[in-house]
Amino acid sequence: MSKITLDQVADILKEHNNIRIICHRSPDGDTIGSAYALLFALRGMGKKCCVVCSDELPKKFVYITDNAEVQEFDVEFTIAVDVADRPLLGKVFDTVTPDLVIDHHISNTLYGKQTCIIDSASNCENIYNLIKIMNVEIDKHIADALYTGVATDTGCFMFSNVTSQTHIIAADLINKGADFAEINRVMFETKTVSRLKVERYAYDNIHIFADGKAAILCIPHSVCKEANAMPEDLEGINALTRKIEGVILGITVREQEDGSNRVSVRTHAPVDASAFCKNFGGGGHVRAGGCGFDCTIDEAKDLLMAKALDVLK
Ligand SMILES: [Mn+2]
């Protein structure tokens with residue numbers, strides 16, 4: 001349960017071999033980039049190492065994952081990267097207590113035996129600094145992995161979490177051979193056909209109300225099923241409603257396979273997304289919140305719209 005520095009992490013890693021690195025469930029570019037960059041670095045130090053995840057790694061990351069051959073060994077040391085809380089380790093690993101957690105979420109619950117938290121835009125920035133301390137040369141594989149995490153966790157350097165340090169690290173990764181143009185194309189431009197189908201439905205069905213201040217999008221499960229959409233195809237879809245000019249309260253309702261509904265709320269000032277969701281037993285942050293409904297999607301829509309009109313009047 002102790003908190004340690006990156007220098008201490010480097011010292012600890014020197015002492016261990018046969019290392020397993022766990023990504024968080026619903027893996028994204030930052031957890032995958034962190035895990036593989038660390039794997040390449042540790043293997044460069046002559047250690048055996050593997051990356052595991054409770055969920056399958058999305059195919060679009062093959063340019064990272066394909067560079068690591070499978071190694072068989074008995075695990076002696078476990079590291080979690082970019083995993084803020086134990087349940088996020090996912091079904092397969094959420095009973096594991098990692099020996100070490102390296103994370104950038106200040107909300108980290110310190111579930112590991114030792115934890116290094118540094119508040120940066122992406123965990124890949126922390127792994128970059130760790131690899132520097134460990135004196136491992138950053139090759140193209142490491143550069144591609146780290147660049148992926150830095151770019152994805154900052155929305156391609158657009159979010160307010162970006163610092164000058166983010167750009168300095170990204171610049172060095174480009175110098176080390178990171179294929180930034182191709183990575184950005186795959187991460188931010190390319191859409192699966194399934195995603196396109198769900199988006200087409202979304203654009204046709206976003207309902208703008210409350211004098212243009214609110215927008216609601218309800219996606220029935222049948223739409224995702226017909227589009228053959230996997231969870232990764234729906235990433236970021238909850239942000240669509242808030243991108244409309246004038247909308248300060250965006251609501252997305254996604255019907256689940258079991259008929260229940262998951263609601264995601266995105267806001268601009270002065271609407272508090274967390275406060276809005278608390279009306280329905282949910283919560284979250286000021287700009288992003290969530291809640292759930294066991295009623296039908298149409299009933300959920302009515303309840304949410306009524307509350308939205310009330311909040312915005
Ligand atoms: Mn992250």
# chains A, B, ... in the order shown; residues from 1 in each chain; ligands from 1
$ residues_near_ligand --ligand "ligand 1" --cutoff "12 Å" --atoms "only C-alpha atoms and all ligand atoms" --output "VMD selection string"
chain A and resid 23 to 24 26 to 35 80 to 84 102 to 108 117 to 127 146 148 to 155 161
$ select_by_dssp --residues "stretch 13-116 of chain A" --states "alpha helix (DSSP H)" --output "count of residues only"
22
$ residues_around --residues "A:Cys224" --least-positions-apart "2" --cutoff "9 Å" --atoms "only C-alpha atoms" --output "compact mmCIF listing (two decimals) with N, CA, C and O atoms, in the first residue's frame"
# COMPACT_ATOMS: atom_id res chain seq x y z
N SER A 194 -18.95 -0.92 -38.90
CA SER A 194 -19.94 -1.00 -37.82
C SER A 194 -20.13 0.37 -37.17
O SER A 194 -21.26 0.81 -36.91
N ARG A 195 -19.03 1.05 -36.91
CA ARG A 195 -19.09 2.37 -36.30
C ARG A 195 -19.85 3.35 -37.21
O ARG A 195 -20.68 4.13 -36.75
N LYS A 197 -22.14 2.69 -39.34
CA LYS A 197 -23.57 2.38 -39.33
C LYS A 197 -24.23 2.95 -38.08
O LYS A 197 -25.33 3.52 -38.15
N VAL A 198 -23.58 2.78 -36.92
CA VAL A 198 -24.17 3.31 -35.67
C VAL A 198 -24.19 4.84 -35.72
O VAL A 198 -25.16 5.47 -35.31
N ILE A 219 -29.93 4.93 -28.47
CA ILE A 219 -29.49 3.88 -29.40
C ILE A 219 -30.04 2.53 -28.92
O ILE A 219 -29.54 1.98 -27.93
N PRO A 220 -31.06 2.00 -29.61
CA PRO A 220 -31.58 0.69 -29.23
C PRO A 220 -30.55 -0.39 -29.48
O PRO A 220 -29.69 -0.24 -30.37
N HIS A 221 -30.64 -1.46 -28.70
CA HIS A 221 -29.67 -2.55 -28.86
C HIS A 221 -29.71 -3.13 -30.27
O HIS A 221 -28.68 -3.52 -30.84
N SER A 222 -30.93 -3.14 -30.87
CA SER A 222 -31.08 -3.72 -32.21
C SER A 222 -30.19 -3.02 -33.24
O SER A 222 -29.68 -3.65 -34.17
N GLU A 226 -27.52 -5.06 -35.39
CA GLU A 226 -27.55 -5.07 -36.86
C GLU A 226 -26.23 -4.58 -37.45
O GLU A 226 -25.79 -5.06 -38.49
N ALA A 227 -25.62 -3.60 -36.77
CA ALA A 227 -24.34 -3.07 -37.26
C ALA A 227 -23.17 -3.97 -36.86
O ALA A 227 -22.04 -3.73 -37.27
N ASN A 228 -23.46 -5.01 -36.07
CA ASN A 228 -22.42 -5.91 -35.57
C ASN A 228 -21.34 -5.14 -34.80
O ASN A 228 -20.14 -5.37 -34.96
N ALA A 229 -21.78 -4.17 -34.00
CA ALA A 229 -20.84 -3.26 -33.33
C ALA A 229 -20.35 -3.86 -32.02
O ALA A 229 -21.14 -4.29 -31.18
N MET A 230 -19.03 -3.87 -31.84
CA MET A 230 -18.41 -4.28 -30.59
C MET A 230 -18.28 -3.03 -29.70
O MET A 230 -18.33 -1.91 -30.21
N LEU A 234 -18.03 1.62 -30.37
CA LEU A 234 -18.91 2.67 -29.82
C LEU A 234 -18.14 3.69 -28.99
O LEU A 234 -18.72 4.65 -28.47
$ residues_around --residues "stretch 296-303 of chain A" --least-positions-apart "4" --cutoff "10 Å" --atoms "only C-alpha atoms" --output "PDB file with N, CA, C and O atoms, in the first residue's frame"
ATOM      1  N   ILE A 216     -30.548  14.723 -27.026  1.00  0.00           N
ATOM      2  CA  ILE A 216     -30.600  13.345 -26.522  1.00  0.00           C
ATOM      3  C   ILE A 216     -30.522  12.376 -27.697  1.00  0.00           C
ATOM      4  O   ILE A 216     -31.126  12.604 -28.743  1.00  0.00           O
ATOM      5  N   LEU A 217     -29.732  11.337 -27.502  1.00  0.00           N
ATOM      6  CA  LEU A 217     -29.577  10.295 -28.513  1.00  0.00           C
ATOM      7  C   LEU A 217     -29.854   8.955 -27.852  1.00  0.00           C
ATOM      8  O   LEU A 217     -29.210   8.613 -26.860  1.00  0.00           O
ATOM      9  N   CYS A 218     -30.830   8.230 -28.367  1.00  0.00           N
ATOM     10  CA  CYS A 218     -31.160   6.909 -27.828  1.00  0.00           C
ATOM     11  C   CYS A 218     -30.782   5.852 -28.863  1.00  0.00           C
ATOM     12  O   CYS A 218     -31.250   5.897 -30.001  1.00  0.00           O
ATOM     13  N   ILE A 219     -29.932   4.926 -28.472  1.00  0.00           N
ATOM     14  CA  ILE A 219     -29.491   3.875 -29.401  1.00  0.00           C
ATOM     15  C   ILE A 219     -30.037   2.530 -28.920  1.00  0.00           C
ATOM     16  O   ILE A 219     -29.545   1.979 -27.930  1.00  0.00           O
ATOM     17  N   PRO A 220     -31.058   2.003 -29.606  1.00  0.00           N
ATOM     18  CA  PRO A 220     -31.585   0.690 -29.228  1.00  0.00           C
ATOM     19  C   PRO A 220     -30.546  -0.392 -29.483  1.00  0.00           C
ATOM     20  O   PRO A 220     -29.689  -0.245 -30.365  1.00  0.00           O
ATOM     21  N   HIS A 221     -30.637  -1.457 -28.703  1.00  0.00           N
ATOM     22  CA  HIS A 221     -29.667  -2.553 -28.861  1.00  0.00           C
ATOM     23  C   HIS A 221     -29.713  -3.132 -30.272  1.00  0.00           C
ATOM     24  O   HIS A 221     -28.682  -3.524 -30.835  1.00  0.00           O
ATOM     25  N   ILE A 251     -27.143  14.043 -23.804  1.00  0.00           N
ATOM     26  CA  ILE A 251     -27.503  12.772 -23.155  1.00  0.00           C
ATOM     27  C   ILE A 251     -27.481  11.655 -24.191  1.00  0.00           C
ATOM     28  O   ILE A 251     -28.055  11.793 -25.270  1.00  0.00           O
ATOM     29  N   THR A 252     -26.817  10.564 -23.860  1.00  0.00           N
ATOM     30  CA  THR A 252     -26.824   9.399 -24.745  1.00  0.00           C
ATOM     31  C   THR A 252     -27.334   8.202 -23.952  1.00  0.00           C
ATOM     32  O   THR A 252     -26.824   7.907 -22.872  1.00  0.00           O
ATOM     33  N   VAL A 253     -28.356   7.541 -24.496  1.00  0.00           N
ATOM     34  CA  VAL A 253     -28.928   6.358 -23.852  1.00  0.00           C
ATOM     35  C   VAL A 253     -28.615   5.152 -24.727  1.00  0.00           C
ATOM     36  O   VAL A 253     -28.951   5.147 -25.913  1.00  0.00           O
ATOM     37  N   ARG A 254     -27.938   4.180 -24.142  1.00  0.00           N
ATOM     38  CA  ARG A 254     -27.615   2.969 -24.901  1.00  0.00           C
ATOM     39  C   ARG A 254     -28.307   1.773 -24.273  1.00  0.00           C
ATOM     40  O   ARG A 254     -28.007   1.391 -23.158  1.00  0.00           O
ATOM     41  N   GLU A 255     -29.231   1.196 -25.044  1.00  0.00           N
ATOM     42  CA  GLU A 255     -29.941   0.017 -24.556  1.00  0.00           C
ATOM     43  C   GLU A 255     -28.991  -1.186 -24.587  1.00  0.00           C
ATOM     44  O   GLU A 255     -28.295  -1.401 -25.576  1.00  0.00           O
ATOM     45  N   GLN A 256     -28.983  -1.936 -23.488  1.00  0.00           N
ATOM     46  CA  GLN A 256     -28.103  -3.092 -23.380  1.00  0.00           C
ATOM     47  C   GLN A 256     -28.823  -4.352 -23.858  1.00  0.00           C
ATOM     48  O   GLN A 256     -30.039  -4.362 -24.037  1.00  0.00           O
ATOM     49  N   GLY A 259     -31.855  -5.417 -22.036  1.00  0.00           N
ATOM     50  CA  GLY A 259     -32.992  -4.506 -22.025  1.00  0.00           C
ATOM     51  C   GLY A 259     -32.840  -3.332 -21.077  1.00  0.00           C
ATOM     52  O   GLY A 259     -33.609  -2.376 -21.134  1.00  0.00           O
ATOM     53  N   SER A 260     -31.841  -3.377 -20.190  1.00  0.00           N
ATOM     54  CA  SER A 260     -31.583  -2.220 -19.330  1.00  0.00           C
ATOM     55  C   SER A 260     -30.918  -1.132 -20.165  1.00  0.00           C
ATOM     56  O   SER A 260     -30.542  -1.366 -21.321  1.00  0.00           O
ATOM     57  N   ASN A 261     -30.790   0.068 -19.582  1.00  0.00           N
ATOM     58  CA  ASN A 261     -30.249   1.189 -20.350  1.00  0.00           C
ATOM     59  C   ASN A 261     -29.124   1.875 -19.604  1.00  0.00           C
ATOM     60  O   ASN A 261     -29.234   2.149 -18.418  1.00  0.00           O
ATOM     61  N   ARG A 262     -28.021   2.141 -20.327  1.00  0.00           N
ATOM     62  CA  ARG A 262     -26.902   2.884 -19.753  1.00  0.00           C
ATOM     63  C   ARG A 262     -26.922   4.295 -20.322  1.00  0.00           C
ATOM     64  O   ARG A 262     -27.003   4.488 -21.529  1.00  0.00           O
ATOM     65  N   VAL A 263     -26.857   5.263 -19.420  1.00  0.00           N
ATOM     66  CA  VAL A 263     -26.953   6.659 -19.829  1.00  0.00           C
ATOM     67  C   VAL A 263     -25.629   7.353 -19.592  1.00  0.00           C
ATOM     68  O   VAL A 263     -25.014   7.220 -18.534  1.00  0.00           O
ATOM     69  N   PHE A 280     -30.838  10.283 -10.828  1.00  0.00           N
ATOM     70  CA  PHE A 280     -31.235   8.940 -11.232  1.00  0.00           C
ATOM     71  C   PHE A 280     -30.321   7.872 -10.621  1.00  0.00           C
ATOM     72  O   PHE A 280     -30.142   6.786 -11.180  1.00  0.00           O
ATOM     73  N   GLY A 292     -28.012   4.588 -14.758  1.00  0.00           N
ATOM     74  CA  GLY A 292     -28.638   3.445 -15.410  1.00  0.00           C
ATOM     75  C   GLY A 292     -30.148   3.429 -15.211  1.00  0.00           C
ATOM     76  O   GLY A 292     -30.655   4.028 -14.253  1.00  0.00           O
ATOM     77  N   LYS A 307     -36.424  15.848 -16.875  1.00  0.00           N
ATOM     78  CA  LYS A 307     -35.448  16.390 -15.927  1.00  0.00           C
ATOM     79  C   LYS A 307     -34.561  17.444 -16.589  1.00  0.00           C
ATOM     80  O   LYS A 307     -34.235  18.476 -15.992  1.00  0.00           O
ATOM     81  N   ALA A 308     -34.196  17.209 -17.842  1.00  0.00           N
ATOM     82  CA  ALA A 308     -33.364  18.169 -18.580  1.00  0.00           C
ATOM     83  C   ALA A 308     -34.090  19.513 -18.710  1.00  0.00           C
ATOM     84  O   ALA A 308     -33.502  20.572 -18.469  1.00  0.00           O
TER      85      ALA A 308
END
$ select_by_dssp --residues "stretch 62-311 of chain A" --states "strand (DSSP E or B)" --output "NGL selection string"
:A and (77-81 or 100-103 or 114-117 or 207-209 or 214-219 or 249-255 or 261-267 or 283-284 or 288-293)
$ residues_around --residues "stretch 128-133 of chain A" --least-positions-apart "2" --cutoff "8 Å" --atoms "only C-alpha atoms" --output "ChimeraX atom specification"
/A:6-7,9-10,38,41,124-126,135-138,146,169
$ residues_around --residues "A:Leu42" --least-positions-apart "3" --cutoff "10 Å" --atoms "only C-alpha atoms" --output "PyMOL selection string"
chain A and resi 13-14+16-19+36-39+45-50+131+134+136
$ residues_around --residues "A:Ala210" --least-positions-apart "4" --cutoff "10 Å" --atoms "only C-alpha atoms" --output "list in words"
Ala214, Ala215, Val247, Leu249, Met305, Ala306, Ala308, Leu309, Asp310, Val311, Leu312 and Lys313 of chain A
$ write_last_selection --atoms "C-alpha atoms" --output "PDB file, in the first residue's frame"
ATOM      1  CA  ALA A 214     -30.058  19.969 -24.811  1.00  0.00           C
ATOM      2  CA  ALA A 215     -29.699  16.974 -27.088  1.00  0.00           C
ATOM      3  CA  VAL A 247     -25.918  22.277 -26.594  1.00  0.00           C
ATOM      4  CA  LEU A 249     -26.464  19.153 -21.872  1.00  0.00           C
ATOM      5  CA  MET A 305     -36.001  14.839 -21.102  1.00  0.00           C
ATOM      6  CA  ALA A 306     -38.355  15.972 -18.342  1.00  0.00           C
ATOM      7  CA  ALA A 308     -33.364  18.169 -18.580  1.00  0.00           C
ATOM      8  CA  LEU A 309     -36.154  20.692 -19.213  1.00  0.00           C
ATOM      9  CA  ASP A 310     -36.435  21.227 -15.466  1.00  0.00           C
ATOM     10  CA  VAL A 311     -32.680  21.796 -15.025  1.00  0.00           C
ATOM     11  CA  LEU A 312     -32.376  24.146 -18.009  1.00  0.00           C
ATOM     12  CA  LYS A 313     -35.458  26.311 -17.371  1.00  0.00           C
TER      13      LYS A 313
END
$ closest_residue --among "A:Gly212, A:Gly283, A:Pro98, A:Gly236" --to "A:Glu199" --atoms "only C-alpha atoms"
A:Gly236
$ closest_residue --among "A:Asp85, A:Asp66, A:Asp99, A:Asp294" --to "A:Ile21" --atoms "only C-alpha atoms"
A:Asp99
$ closest_residue --among "A:Asn184, A:Phe77, A:Thr115, A:Pro231" --to "A:Asp55" --atoms "only C-alpha atoms"
A:Pro231
$ decode --residues "stretch 244-256 of chain A" --atoms "N, CA, C and O atoms" --output "compact mmCIF listing (two decimals), in the first residue's frame"
# COMPACT_ATOMS: atom_id res chain seq x y z
N ILE A 244 -22.62 19.59 -30.56
CA ILE A 244 -23.55 20.44 -31.33
C ILE A 244 -23.52 21.85 -30.76
O ILE A 244 -23.60 22.04 -29.54
N GLU A 245 -23.40 22.83 -31.65
CA GLU A 245 -23.34 24.23 -31.22
C GLU A 245 -24.56 24.57 -30.37
O GLU A 245 -25.70 24.28 -30.77
N GLY A 246 -24.33 25.17 -29.23
CA GLY A 246 -25.42 25.62 -28.37
C GLY A 246 -25.85 24.60 -27.33
O GLY A 246 -26.49 24.94 -26.34
N VAL A 247 -25.50 23.33 -27.53
CA VAL A 247 -25.92 22.28 -26.59
C VAL A 247 -24.99 22.30 -25.37
O VAL A 247 -23.77 22.24 -25.50
N ILE A 248 -25.60 22.44 -24.18
CA ILE A 248 -24.80 22.41 -22.95
C ILE A 248 -25.11 21.17 -22.12
O ILE A 248 -24.45 20.91 -21.12
N LEU A 249 -26.13 20.41 -22.55
CA LEU A 249 -26.46 19.15 -21.87
C LEU A 249 -26.72 18.09 -22.93
O LEU A 249 -27.73 18.15 -23.65
N GLY A 250 -25.77 17.17 -23.06
CA GLY A 250 -25.90 16.10 -24.05
C GLY A 250 -26.12 14.77 -23.35
O GLY A 250 -25.41 14.42 -22.42
N ILE A 251 -27.14 14.04 -23.80
CA ILE A 251 -27.50 12.77 -23.15
C ILE A 251 -27.48 11.66 -24.19
O ILE A 251 -28.05 11.79 -25.27
N THR A 252 -26.82 10.56 -23.86
CA THR A 252 -26.82 9.40 -24.74
C THR A 252 -27.33 8.20 -23.95
O THR A 252 -26.82 7.91 -22.87
N VAL A 253 -28.36 7.54 -24.50
CA VAL A 253 -28.93 6.36 -23.85
C VAL A 253 -28.61 5.15 -24.73
O VAL A 253 -28.95 5.15 -25.91
N ARG A 254 -27.94 4.18 -24.14
CA ARG A 254 -27.62 2.97 -24.90
C ARG A 254 -28.31 1.77 -24.27
O ARG A 254 -28.01 1.39 -23.16
N GLU A 255 -29.23 1.20 -25.04
CA GLU A 255 -29.94 0.02 -24.56
C GLU A 255 -28.99 -1.19 -24.59
O GLU A 255 -28.30 -1.40 -25.58
N GLN A 256 -28.98 -1.94 -23.49
CA GLN A 256 -28.10 -3.09 -23.38
C GLN A 256 -28.82 -4.35 -23.86
O GLN A 256 -30.04 -4.36 -24.04
